[in-house]
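Asker: Quick one: the structure is below, questions incoming.
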Protein chains: 2
Amino acid sequence: MRGQSSAAEVEERETVRALKKNRIETAESMAARQRDISVSEFFAKNRHLLGFDNPRKALLTAIKEAVDNSLDACEEAAILPDIFVSIEELGNDRFRIAVEDNGPGIVKRQIPNIFGKLLYGSKFHCLKMSRGQQGIGISAAGMYGMLTTGKPVEIISRTDPGKPAHHFLLQIDTKKNKPEIISDKEVEWEVPHGTRVAIELEGKHTRGRQSVDEYVRQTVIANPHIRVRYQEPSGELITYERSSDQRPGHTSEIKPHPHGVELGVLQTMLRDTKARNLAGFLQSEFSRVTQRVAEEICANAAIAPSLSPSRIRHQEVEKLMQGIAKTKIMNPPTNCVAPIGEEQLQRGLESTIPAAFYTCTTRPPAVYRGNPFIIEAALAYGGEGQEADEPARVLRFANRVPLLYQQGGCCAYQSVVQTNWRQYGLNQPRGTLPVGPLTIIVHMASVWVPFTSESKEAIAGYPEIEEQIVLALQECGRRLKLFLSKRRREAEAQRKLDYLEMYLPHIGIGLRELLNLPEKEEKQLTDTLKELLERHRG
Amino acid sequence: MRGQSSAAEVEERETVRALKKNRIETAESMAARQRDISVSEFFAKNRHLLGFDNPRKALLTAIKEAVDNSLDACEEAAILPDIFVSIEELGNDRFRIAVEDNGPGIVKRQIPNIFGKLLYGSKFHCLKMSRGQQGIGISAAGMYGMLTTGKPVEIISRTDPGKPAHHFLLQIDTKKNKPEIISDKEVEWEVPHGTRVAIELEGKHTRGRQSVDEYVRQTVIANPHIRVRYQEPSGELITYERSSDQRPGHTSEIKPHPHGVELGVLQTMLRDTKARNLAGFLQSEFSRVTQRVAEEICANAAIAPSLSPSRIRHQEVEKLMQGIAKTKIMNPPTNCVAPIGEEQLQRGLESTIPAAFYTCTTRPPAVYRGNPFIIEAALAYGGEGQEADEPARVLRFANRVPLLYQQGGCCAYQSVVQTNWRQYGLNQPRGTLPVGPLTIIVHMASVWVPFTSESKEAIAGYPEIEEQIVLALQECGRRLKLFLSKRRREAEAQRKLDYLEMYLPHIGIGLRELLNLPEKEEKQLTDTLKELLERHRG
C-alpha cells in the first residue's frame with residue numbers, strides 16, 4: 001500500500017501536514033487534551049441537576065437531603081425520630097442550616113466519606129426502600145455550600161452515650177472527589193447518640209408552596225411517627241409532635257426479580273457470581289427462583305442447569321433471557337415495601353390539614369420492571385383554608401419524602417389529571433385538575449423509585465405505576481362521591497322537610513275544614529304530623 | 001463522665017444493646033455497608049438521565065451522540081464533514097447503528113477511554129464552543145447497547161492515510177468505569193482518515209417529530225456545510241449535499257470571566273495557581289483582566305496586589321469577591337462563539353423547508369454568568385407542508401445540535417410563547433404558540449450551554465438568555481410583519497384593480513354618453529384606462 005499511494009491519498013497527507021502547520025487540531029493534539037473528569041467537578045458545574053438551581057431551591061434541597069438521611073438512619077436503627085431543623089440568616093443572602101437527629105450516629109471513619117464524597121453510600125447497591133438512594137445528596141449540599149460561601153461542612157456525631165462525640169470540619173476536593181479534613185476533634189455533646197450537620201450556604205428564604213415550611217409540614221403528613229422542631233430564620237420555633245408512636249413497618253433488602261433483569265446485567269452477574277452452576281446461580285442471585293423454577297428456566301432456555309456460569313457465552317445468555325421470559329415466576333416479595341398505611345396517613349392528614357372529610361387507601365403491591373412498589377392515595381375535602389373555586393392541591397410523596405418541584409413532569413400529577421373526577425361529583429375542566437376545596441395525596445413506596453432526575457423531584461411515568469395511582473384515586477373518588485351525595489341527599493331532605501313544616505298549619509286547617517274537625521283535633525293532628533316529620537328528620 | 005452515667009444514658013445504652021440483639025441496624029453495621037458507587041453503575045441504573053429512557057429515544061440519542069462527536073472532531077481539524085449514518089434492523093427490536101466520518105481520527109491509545117469510560121473527554125475542562133461537553137455521551141450509548149444486547153461497541157479509526165486503521169471491540173466494565181478491550185487489531189479500511197463507530201442496541205424506529213429522520217434534517221438546517229448520507233432501516237439512502245462550502249468560524253478556548261466566578265471556585269483557583277502574586281493570578285487565570293484591572297480589583301478589595309495567592313485566607317477571598325463585583329470589567333471576548341450566520345442559516349432552511357418568506361437574524365454576543373453566548377433566530381413562512389391553522393413549529397438548536405425533546409421545559413420555547421406575535425399580524429391564543437404556516441428557529445451558541453439535564457434536551461432559563469431570544473424573535477417578527485403587510489397591501493390593491501377592470505367598459509359607456517364621444521374614442525379611452533391599470537398592477 002505504502003509505495004502505491006493514490007493521488008487522493010497524497011493530497012490528503014499534504015492537507016494533514018498543512019493543517020498541522022496552521023495549528024489546527026489533529027488526532028494527536030486532540031488526544032493530548034483528553035482526560036478524566038471527576039464526578040464532583042461534573043456535578044459542581046451541573047449542580048442544577050441535583051436541585052441547586054437557584055438560592056431558594058438550594059436552601060430547601062440542602063435541608064431535604066439532611067432530613068432524608070436522618071430519617072433513614074433512625075428507621076434503620078428502629079428509633080422514633082426526633083429531628084431539629086434550624087435556619088439562621090447571616091445577611092447577604094447567606095444562611096447557616098443545621099439538622100440534628102437522635103439517630104444511631106455515624107462511626108468516625110465513615111464521616112468524611114459520607115459528607116465529603118459524591119457517589120458514596122450504602123443504599124445504591126441494594127434493593128431496599130429508603131429515602132436516599134444515590135449517595136450524592138448530602139455531599140452535594142456541602143459542596144454547594146463550599147462553592148457559594150467557601151465554608152466547610154460541620155458535623156458532630158456520636159454512636160453511643162459511652163463513646164465520645166466527634167466533631168469534623170470537611171470540604172470536598174472536587175478535582176479528586178475526596179474529602180478534605182479541615183479539623184477533627186472530640187467534643188462535649190449533650191446528645192447521647194445522633195448526628196448534627198451544619199452547612200453555610202447562599203440561599204433565599206421564602207414562604208409558600210415550595211418553601212422549607214411547606215416541606216416540613218408535608219414531611220409530617222407522610223411521617224406521623226416523627227417529632228420535628230423547626231426553627232425559622234425569624235427565631236420562631238415550630239414544633240410538630242408525633243401523632244403516632246408506631247414506627248414504619250420494617251423493610252428488608254431484596255434480590256432482583258428475573259423478569260426485571262436486562263441482558264447486559266445478566267451477563268455481568270454471570271461473570272461475577274460465586275455459584276458453581278447455572279441452576280445455583282439463578283437461585284442465589286434472584287428472588288422467587290426455587291430449584292423447580294431454576295430448572296424450568298434452564299429447560300426453556302435449552303441450557304444444562306449444571307453448566308458453569310463462567311462458561312456461558314453471549315448466545316447462551318440470549319437464550320437464557322428467552323428462557324426467563326417464557327417461565328412463569330411468582331411476583332417479587334413485597335415485605336420489602338412498607339406503606340404509610342391508611343390509619344397512619346389519616347392521622348398525618350388530620351394533624352396538618354383541617355377538612356370535613358378524609359379518605360385514604362393503600363393499594364396491594366404491584367411490580368414495574370421487576371421492582372415491587374405500593375401506591376397510596378388520600379383525599380381531604382372541605383374545611384378551612386381549602387378554596388372552593390380553585391384547582392385541587394396535589395401533594396406528592398416518594399418513600400415518604402414530599403416532592404415539591406416539577407409537578408407537571410410527575411407521573412403522580414399526570415395520573416390525577418387523567419382521572420375523571422366528574423364522575424365523583426367534582427367539576428373538572430378538560431385536561432386539568434378537579435376544582436374544589438380538595439387536597440389530593442399520592443404516595444409511592446418502592447425499593448427503587450424511578451425519579452426523572454437526580455434531584456428526585458418527579459416520578460417517571462411507567463404504565464404500571466400510573467395504573468396503580470389511577471386505581472387508588474378512583475377508590476378515594478368513589479368514597480368522596482358517597483360523602484358528597486350523602487351530604488347532598490341530606491341537604492335535599494332537609495329542604496323538603498323545611499318546606500313541609502312551613503305548610504303544616506295550612507294542612508291542618510285544610511283537613512279540619514274538609515273533615516269538619518273541632519279545633520282541638522286539628523291541633524292534635526298537626527302535632528302528630530310535626531312529630532312524624534321530626535322523626536324523619538332524625 | 002463514664003462513672004456518672006445518668007439513668008437516661010443507661011437506658012439508652014441498654015436500648016442499643018437490645019437493638020443489636022434484634023439484628024436492627026447500628027452505626028457499625030451501617031458503616032460496614034457503605035461503599036463507593038462507580039459513575040458507570042450510577043448512570044447504568046439512571047440511564048433515563050442520559051436520554052436512554054425508552055427504545056425510541058435511545059435509538060435517536062445513540063446516533064445523536066455519535067454525530068455530535070464526528071462533527072466536533074471534523075471542525076476542530078478544519079475538515080468539511082462528510083458523515084454516513086446507517087440504521088440496520090436486526091429483528092426483535094434490535095438495531096445496529098453506525099456513524100462514519102472523515103474526521104481526523106482518534107489515536108490508538110485514546111480509543112478505549114473515549115468509547116469505554118464515562119466522564120472522560122477534552123471539552124469539560126475548558127470554555128470552548130462545542131457540541132459535546134460532558135465526556136459522557138458516546139460511552140453511555142455504548143453502555144446502553146451492552147446492557148440491552150450484551151454486544152460490544154465496534155470502532156474503526158485511522159489518523160493518517162500512511163498509518164494503519166485500528167479496529168476495536170470494547171465494553172465498559174461498569175463496576176470500575178473502565179474500558180474492557182475484547183479485541184484490538186489492524187485492518188484494511190478504504191477511508192484515508194476518520195472514525196466509524198457501530199453499536200448494537202434495543203431500539204424502536206419511528207417517523208415524525210422526534211425521529212432520526214427529523215434529527216438528520218434539522219442537523220442539516222443548522223449545519224449547511226456538512227454532507228450527510230443517511231441509510232434508513234428500509235435500506236433507502238437519503239443524501240443531503242452541502243449547501244455551503246464555508247466552514248463554521250474558528251472558535252477558541254477562553255478563560256473564565258471574573259464576573260462569573262464563585263467564591264468556592266475562586267478559593268480553589270487561588271490554591272492551585274502557579275502565579276506568585278495576586279495581581280499576576282488575576283491576569284493569568286481570567287479573561288479581560290489587564291494589569292490595570294487587576295490593580296483596581298485589589299484596591300477595591302483592599303488587598304495588596306503583591307500578596308502570594310497561597311497565603312490568602314477565607315476572609316480575604318470574600319473581600320476579593322466584593323472587589324471583583326465592584327470593578328467594572330470589559331465583557332468577555334466573543335471570538336470564542338461562532339454563530340451559524342444569517343446567510344448560512346437561510347441556506348440551510350431553503351434546502352430543507354419550502355417557504356414563501358425566510359428571515360434570519362444573529363444577535364450581538366451577550367453574557368450570562370460570565371459565559372459569552374450568541375442567539376440566532378429565523379422564520380420560514382408559507383409554503384407547502386406548513387399548515388395554516390396549526391400552531392407554528394419551533395425548531396431549537398444549541399451549538400448547532402437540534403433539540404428534539406423537552407420542548408416545554410426549554411427557555412427557547414418559552415421565549416417564543418412569551419413573544420407577542422399578534423403585533424406582527426399573527427393569530428396567537430393566550431399563553432401558547434402563534435398559529436400559522438410558520439416554522440420558528442432558535443439557536444444558542446455558547447462556550448457552555450446551560451442544559452437542564454445531561455441528556456441535553458432543553459436550555460435552562462437564564463434571564464439574559466431569554467432576553468436575547470425574545471429580541472431576536474422580535475426582529476424576525478417585524479420583518480415578517482413587513483412581508484405580511486406588503487402581501488396584504490398587494491392583495492388589497494389587486495382586489496381593487498380587479499374590481500376596476502370589471503367596471504372599465506361601463507365607465508367607457510358612461511363617459512361616452514356623458515361627453516357624447518364617438519364609439520372609437522370610447523374604445524381608445526377604455527384602452528388607455530386599461531393600460532394605466534396594468535401599469536399599476538406591475
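By convention here, the chains of the C-alpha cells are called A, B, ... in the order presented, each chain's residues are numbered starting at 1, and ligands are numbered starting at 1 in the order presented.
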Env of Gly510 (chain B): 12 Å cut, atoms = only C-alpha atoms, seq-sep filter 5 positions within chain, self excluded. Answer as a PDB file with N, CA, C and O atoms, in the first residue's frame.
Answerer:
```
ATOM      1  N   TYR B 503     -65.326  47.053 -14.144  1.00  0.00           N
ATOM      2  CA  TYR B 503     -66.247  48.156 -14.469  1.00  0.00           C
ATOM      3  C   TYR B 503     -65.751  49.063 -15.584  1.00  0.00           C
ATOM      4  O   TYR B 503     -66.452  49.977 -15.989  1.00  0.00           O
ATOM      5  N   LEU B 504     -64.531  48.781 -16.057  1.00  0.00           N
ATOM      6  CA  LEU B 504     -63.937  49.630 -17.090  1.00  0.00           C
ATOM      7  C   LEU B 504     -64.861  49.859 -18.289  1.00  0.00           C
ATOM      8  O   LEU B 504     -65.079  51.020 -18.696  1.00  0.00           O
ATOM      9  N   PRO B 505     -65.419  48.797 -18.896  1.00  0.00           N
ATOM     10  CA  PRO B 505     -66.293  49.008 -20.064  1.00  0.00           C
ATOM     11  C   PRO B 505     -67.472  49.913 -19.730  1.00  0.00           C
ATOM     12  O   PRO B 505     -67.841  50.788 -20.508  1.00  0.00           O
ATOM     13  N   LEU B 515     -70.078  62.572 -22.298  1.00  0.00           N
ATOM     14  CA  LEU B 515     -69.319  63.545 -23.123  1.00  0.00           C
ATOM     15  C   LEU B 515     -69.739  63.496 -24.594  1.00  0.00           C
ATOM     16  O   LEU B 515     -69.181  64.175 -25.435  1.00  0.00           O
ATOM     17  N   ASN B 516     -70.683  62.568 -24.858  1.00  0.00           N
ATOM     18  CA  ASN B 516     -71.130  62.410 -26.235  1.00  0.00           C
ATOM     19  C   ASN B 516     -69.991  62.070 -27.201  1.00  0.00           C
ATOM     20  O   ASN B 516     -69.824  62.676 -28.244  1.00  0.00           O
ATOM     21  N   LEU B 517     -69.144  61.048 -26.780  1.00  0.00           N
ATOM     22  CA  LEU B 517     -67.994  60.660 -27.602  1.00  0.00           C
ATOM     23  C   LEU B 517     -68.406  59.682 -28.678  1.00  0.00           C
ATOM     24  O   LEU B 517     -69.344  58.899 -28.495  1.00  0.00           O
ATOM     25  N   GLU B 519     -67.901  56.169 -30.811  1.00  0.00           N
ATOM     26  CA  GLU B 519     -67.550  54.846 -30.295  1.00  0.00           C
ATOM     27  C   GLU B 519     -66.049  54.583 -30.318  1.00  0.00           C
ATOM     28  O   GLU B 519     -65.493  53.940 -29.446  1.00  0.00           O
ATOM     29  N   GLU B 522     -64.356  56.088 -27.426  1.00  0.00           N
ATOM     30  CA  GLU B 522     -64.680  55.316 -26.208  1.00  0.00           C
ATOM     31  C   GLU B 522     -63.715  54.149 -26.081  1.00  0.00           C
ATOM     32  O   GLU B 522     -63.132  53.902 -25.030  1.00  0.00           O
ATOM     33  N   LEU B 525     -60.352  55.350 -25.056  1.00  0.00           N
ATOM     34  CA  LEU B 525     -60.358  55.731 -23.640  1.00  0.00           C
ATOM     35  C   LEU B 525     -60.241  54.510 -22.728  1.00  0.00           C
ATOM     36  O   LEU B 525     -59.401  54.460 -21.816  1.00  0.00           O
ATOM     37  N   THR B 526     -61.093  53.497 -22.977  1.00  0.00           N
ATOM     38  CA  THR B 526     -61.036  52.306 -22.112  1.00  0.00           C
ATOM     39  C   THR B 526     -59.680  51.621 -22.251  1.00  0.00           C
ATOM     40  O   THR B 526     -59.128  51.127 -21.265  1.00  0.00           O
TER      41      THR B 526
END
```
Asker: Near chain B, meaning an atom within 8 Å, which residues of chain A appear when counting only C-alpha atoms? Write them as a VMD selection string.
Answerer: chain A and resid 2 9 12 to 13 16 19 24 to 28 30 to 31 33 to 39 42 48 to 49 76 to 78 104 to 107 110 119 to 125 134 to 135 146 to 150 159 to 162 192 262 to 265 267 314 452 to 453
Asker: Please extract the residues of region 271-382 of chain A with a backbone DSSP assignment of strand (DSSP E) and present them as a VMD selection string.
Answerer: chain A and resid 357 to 362 366 to 368 371 to 381
Asker: Rank nothing, just name the residue among A:Pro224, A:Ser183, A:Leu237, A:Ile97 nearest to Val197 (chain A), using only C-alpha atoms.
Answerer: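 Smallest distance to Val197 (chain A) is found for A:Ile97.
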Asker: Can you work out the spacing between CA of Glu475 (chain B) and CA of Leu127 (chain B) in Å, to one decimal?
Answerer: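 Going from CA of Glu475 (chain B) over to CA of Leu127 (chain B) covers 29.2 Å.
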Asker: List the spatial neighbours of region 295-299 of chain A as a list in words - criterion: any atom at most 12 Å away, only C-alpha atoms, same-chain residues fewer than 5 positions off excluded.
Answerer: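 The residues satisfying every condition are Pro258, His259, Asn277, Leu278, Ala279, Gly280, Phe281, Leu282, Gln283, Val289, Thr290, Ala304, Pro305, Ser306, Leu307, Glu316, Val317, Lys319, Leu320, Met321, Gln322, Gly323, Ile324, Ala325, Lys326, Thr327, Lys328 and Ile329 of chain A.
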Asker: For the residues in the current selection, export C-alpha atoms as an mmCIF file, in the first residue's frame.
Answerer:
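part_25.cif, freshly written:
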```cif
data_model
loop_
_atom_site.group_PDB
_atom_site.id
_atom_site.type_symbol
_atom_site.label_atom_id
_atom_site.label_comp_id
_atom_site.auth_asym_id
_atom_site.auth_seq_id
_atom_site.Cartn_x
_atom_site.Cartn_y
_atom_site.Cartn_z
ATOM 1 C CA PRO A 258 -35.661 -12.299 36.995
ATOM 2 C CA HIS A 259 -38.360 -10.538 34.978
ATOM 3 C CA ASN A 277 -23.606 -23.987 38.182
ATOM 4 C CA LEU A 278 -26.365 -22.169 36.359
ATOM 5 C CA ALA A 279 -29.228 -23.533 38.471
ATOM 6 C CA GLY A 280 -27.414 -22.491 41.642
ATOM 7 C CA PHE A 281 -26.691 -19.055 40.179
ATOM 8 C CA LEU A 282 -30.344 -18.433 39.381
ATOM 9 C CA GLN A 283 -31.429 -19.488 42.871
ATOM 10 C CA VAL A 289 -36.328 -18.656 41.959
ATOM 11 C CA THR A 290 -36.692 -22.053 43.610
ATOM 12 C CA ALA A 304 -27.948 -27.588 31.036
ATOM 13 C CA PRO A 305 -28.578 -26.483 34.665
ATOM 14 C CA SER A 306 -25.168 -27.894 35.547
ATOM 15 C CA LEU A 307 -23.267 -25.570 33.191
ATOM 16 C CA GLU A 316 -26.483 -18.658 25.563
ATOM 17 C CA VAL A 317 -27.158 -15.516 27.602
ATOM 18 C CA LYS A 319 -31.285 -17.987 25.202
ATOM 19 C CA LEU A 320 -31.314 -17.656 28.974
ATOM 20 C CA MET A 321 -33.141 -14.319 28.640
ATOM 21 C CA GLN A 322 -35.732 -16.009 26.443
ATOM 22 C CA GLY A 323 -35.968 -18.864 28.925
ATOM 23 C CA ILE A 324 -36.640 -16.416 31.752
ATOM 24 C CA ALA A 325 -39.280 -14.600 29.699
ATOM 25 C CA LYS A 326 -41.047 -17.901 28.949
ATOM 26 C CA THR A 327 -41.097 -19.056 32.578
ATOM 27 C CA LYS A 328 -43.937 -18.069 34.851
ATOM 28 C CA ILE A 329 -42.337 -16.741 38.054
#
```
Asker: Asn69 (chain B): which residues within 8 Å, counting only C-alpha atoms, same-chain residues fewer than 2 positions away excluded, as a PyMOL selection string?
Answerer: chain B and resi 65-67+71-73+131-132+138
Asker: Based on DSSP run over this structure's backbone, return all residues of region 110-247 of chain B in alpha helix (DSSP H), as a PyMOL selection string.
Answerer: chain B and resi 111-116+137-149+212-222
Asker: Contacts of Glu214 (chain A) at 10 Å or less, counting only C-alpha atoms, minus same-chain residues fewer than 5 places along, as a PyMOL selection string?
Answerer: chain A and resi 60+207-209+219-220+402+404
Asker: Could you name the residues that touch region 345-357 of chain B at 10 Å or less, counting only C-alpha atoms, but leaving out those on the same chain fewer than 3 positions away, as a PyMOL selection string?
Answerer: chain B and resi 217-225+240-244+339-342+360-362+376-386+437-439+441+443+479-480+483-484
Asker: When you draw a straight line from CA of Ser310 (chain B) to CA of Ser284 (chain B), how long is it in Å?
Answerer: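 Rounded to one decimal, the two atoms are 15.3 Å apart.
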Asker: By how many Å are CA of Val153 (chain B) and CA of Glu88 (chain B) apart?
Answerer: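 Computing it gives 15.0 Å between the two atoms.
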